[in-house]
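Report on the following structure.
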Amino acid sequence: MGEPQIWVFIEQRRNVVHDVGLELLGKARELANTGGARVAALLLGDGVLPLADTLISFGADIVLVADHPALEPYRLLPYTQVLAEACRARQPDIMLFGATSLGVELAPRLAARLKTGLSAHCIDLQLDADGHLLQMVPGWGGGVVATIKTPEHRPQMATVMPGVMQKPQPAPRSGQVIPLTPSEDLDLSGPRVLEVHREEPQELPLETAEVVVAGGFGVGSPEGWKLLEELARLLGGAVGATRPPVDEGWASEEQMIGQSGKTVRPRLYIGVGISGMSHHVVGMDEAEFVVAINTDPKAAIFEVADLAIVGDQREIIPLLLDELRGRVKVS
Amino acid sequence: MKPVPDPKVWDRLRMDPVTKTLIREGIPSVINPLDKHALEAALAIKDVSGAEVVLLSMAPRDARPVLREALAMGADRAVLLSDKAFAGSDTLATALILSEAIRRIGPFDLICCGNYTLDGSTAQVPSQIAEFLGIPNIMHVAHMELEQDKRMVVTQKIEQGYVKLAAEPPLLLSFTKKANKPRFLSFLEILAAEKREISTWTNNDLNLDESRIGLGGSPTKMADMLLRKKGRQGLRLEGSPEEIAHQLANKIRQLGFI
């Protein structure tokens, strides 16, 4: 049957590839190099064939392409069917998905159809001595990390949050493109797509921002929140939040960082008025440099900070803005 | 509905260093918050159509008070799946158990779930229940509109936008908190539900092959569990707000921003 294969599901909407697929190709490449396996990218859609070369340059040895009008836009049942047929025919050893809104709907349905194991929101993946995939999964709001294995069932399936793995540098490589032909009886019985509405992001996407200014309940007011936005703008960064500011309406759901939100790994993270509960920390502790500002000297956020500032952000941030704008005279 | 440890006390969770299991003693349970939105969606349909609303939960028997609170919101009856044979089930085995229970409860139009639970947070069980029942499902439901003949238009939240889908029963939906506002309960209503009965089923009622459920029937196995270590040694910055702002601005410049 040849070398074992590591498959990566490539999410695309309107023929634009989601970064998480490329990030996973990088991780799959690394696993394949240690385990002597081949990396295959799974690409489904309509008119997506031209994307195959990009996937090869990001690390795929093989691109399996199902190009069919019924596969655009994404619908759960036909996607599940095409992937299940491919898995049954080609028996991959490992299959990885991005934990996007699409991935977390599709991957479990496919795992149930194949009656195999799936772990969610992995923060790391490794191979053990026997070639089993070790799936590191945060639990209890990120306070613990469990290592999950799928010893007997194949494929070993896992989802990974966007931004957790690093996107590799594309390089000229050669690979093979193999068409997948969906069966005649493609299941189109499920919900029909009436409309796909896109809201253009108004700000920098959090996941790719080099600077993230994040606020918690301690920010205290919409006025306080505006200061964070000003600071982020000045630093060319994005604003993130913990759960309470979203509940208060200062920030949107899309800005939430952590277990049930986004994972960020900026070069600079500034956390303001954040207590540092583990469900937030799991989404930011890969940041390169962490600054935390909190009035409570015992705040847990200080345990994950490079620079801990005990103080009132209502005083400090306006002064910081002045400093950064060069408005402060040297005394 | 899933009872989950109250998230307010998660930082008190400790791990038994020998058994590598979490010590749950003294940690109170609450209904998984998104499950209340799922229940509200079902109750809103009941309000206009007279549908019967049945609660289903897989949990230890001591979860009954939590289920009674959900009954008080307006559900007609509740089934609790409780058996040692179910313990240790991963999402696949859990979904198999729940889907078999749904079959035994009887014909249905709609299964409403929370989009994810606060504890496991895998968000995998709803899609897997739907697969085992052979019905379609939609996750991330932000809005649901009933139309004629049980048809509905469902708004699914995705990254940077939404998708509108036309769907019809039988169907499984997973709700987000945007979907609705769960109804408020008075203390008296909660009290009144205290005598409501909850049917408790074991695997004798479901008759599932034990090789497919529980720890042994789960394809995923836990190999290890570690408390997440917190790595950085915070350098404290002290002084007047002016001094702090000055030093922080210097650090930001030094890091190459600005």
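Scheme for the structure tokens: letters A, B, ... for chains in order shown; per-chain residue numbers from 1; ligand numbers from 1 in order shown.
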Give me the residues within 10 Å of Leu324 in chain A as a list in words, counting only C-alpha atoms and dropping any in the same chain fewer than 4 places off.
->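 With the cut-off at 10 Å, the set is Leu231, Leu234, Leu235, Pro318, Leu319, Leu320 and Val328 of chain A; Ala245, His246, Leu248, Ala249, Asn250, Ile252, Arg253, Phe257 and Ile258 of chain B.
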May I ask you to extract the residues of chain A within 6 Å of chain B, using only C-alpha atoms, and to give them as number ranges by chain?
-> A: 101, 108-109, 112, 116-117, 120, 140, 143-150, 190-199, 304-309, 316, 319-320, 324
Range 136-254 of chain A: residues DSSP assigns to strand (DSSP E), reported as a ChimeraX atom specification = /A:136-139,144-149,156-160,176-179,192-198,211-215,238-241
Could you jot down the CA of Gly21 in chain A to CA of Leu44 in chain A separation for me, Å, one decimal place?
->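 The value is 12.4 Å.
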Which residues come within 7 Å of range 169-180 of chain A, counting only C-alpha atoms, excluding same-chain residues fewer than 6 positions away, as a list in words?
->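 Near range 169-180 of chain A, the qualifying residues are Ile56, Ser57, Phe58, Ala60, Asp61, Ile62, Val63, Leu64, Val65 and Ala66 of chain A.
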How close does each residue of range 82-178 of chain A get to range 262-279 of chain A, giving the shortest atom pair and distance in Å to one decimal for every residue with an atom at most 12 Å away, counting only C-alpha atoms, sorted by chain and residue number, as a tab-separated table?
residue	atom	partner	partner_atom	distance
A:Ala99	CA	A:Lys262	CA	10.1
A:Thr100	CA	A:Lys262	CA	9.8
A:Ser101	CA	A:Lys262	CA	11.6
A:His121	CA	A:Thr263	CA	10.2
A:Cys122	CA	A:Thr263	CA	11.4
A:Ile123	CA	A:Thr263	CA	9.8
A:Pro138	CA	A:His279	CA	9.4
A:Gly139	CA	A:His279	CA	9.0
A:Trp140	CA	A:His279	CA	7.7
A:Gly141	CA	A:His279	CA	4.0
A:Gly142	CA	A:Ser278	CA	5.3
A:Gly143	CA	A:Ser278	CA	5.3
A:Val144	CA	A:Ser278	CA	9.0
A:Val145	CA	A:Ser278	CA	11.4
A:Val160	CA	A:Thr263	CA	10.2
A:Met161	CA	A:Thr263	CA	6.8
A:Pro162	CA	A:Thr263	CA	6.8
A:Gly163	CA	A:Thr263	CA	5.9
A:Val164	CA	A:Thr263	CA	6.6
A:Met165	CA	A:Arg265	CA	9.7
A:Gln166	CA	A:Arg265	CA	9.5
A:Lys167	CA	A:Arg265	CA	11.9
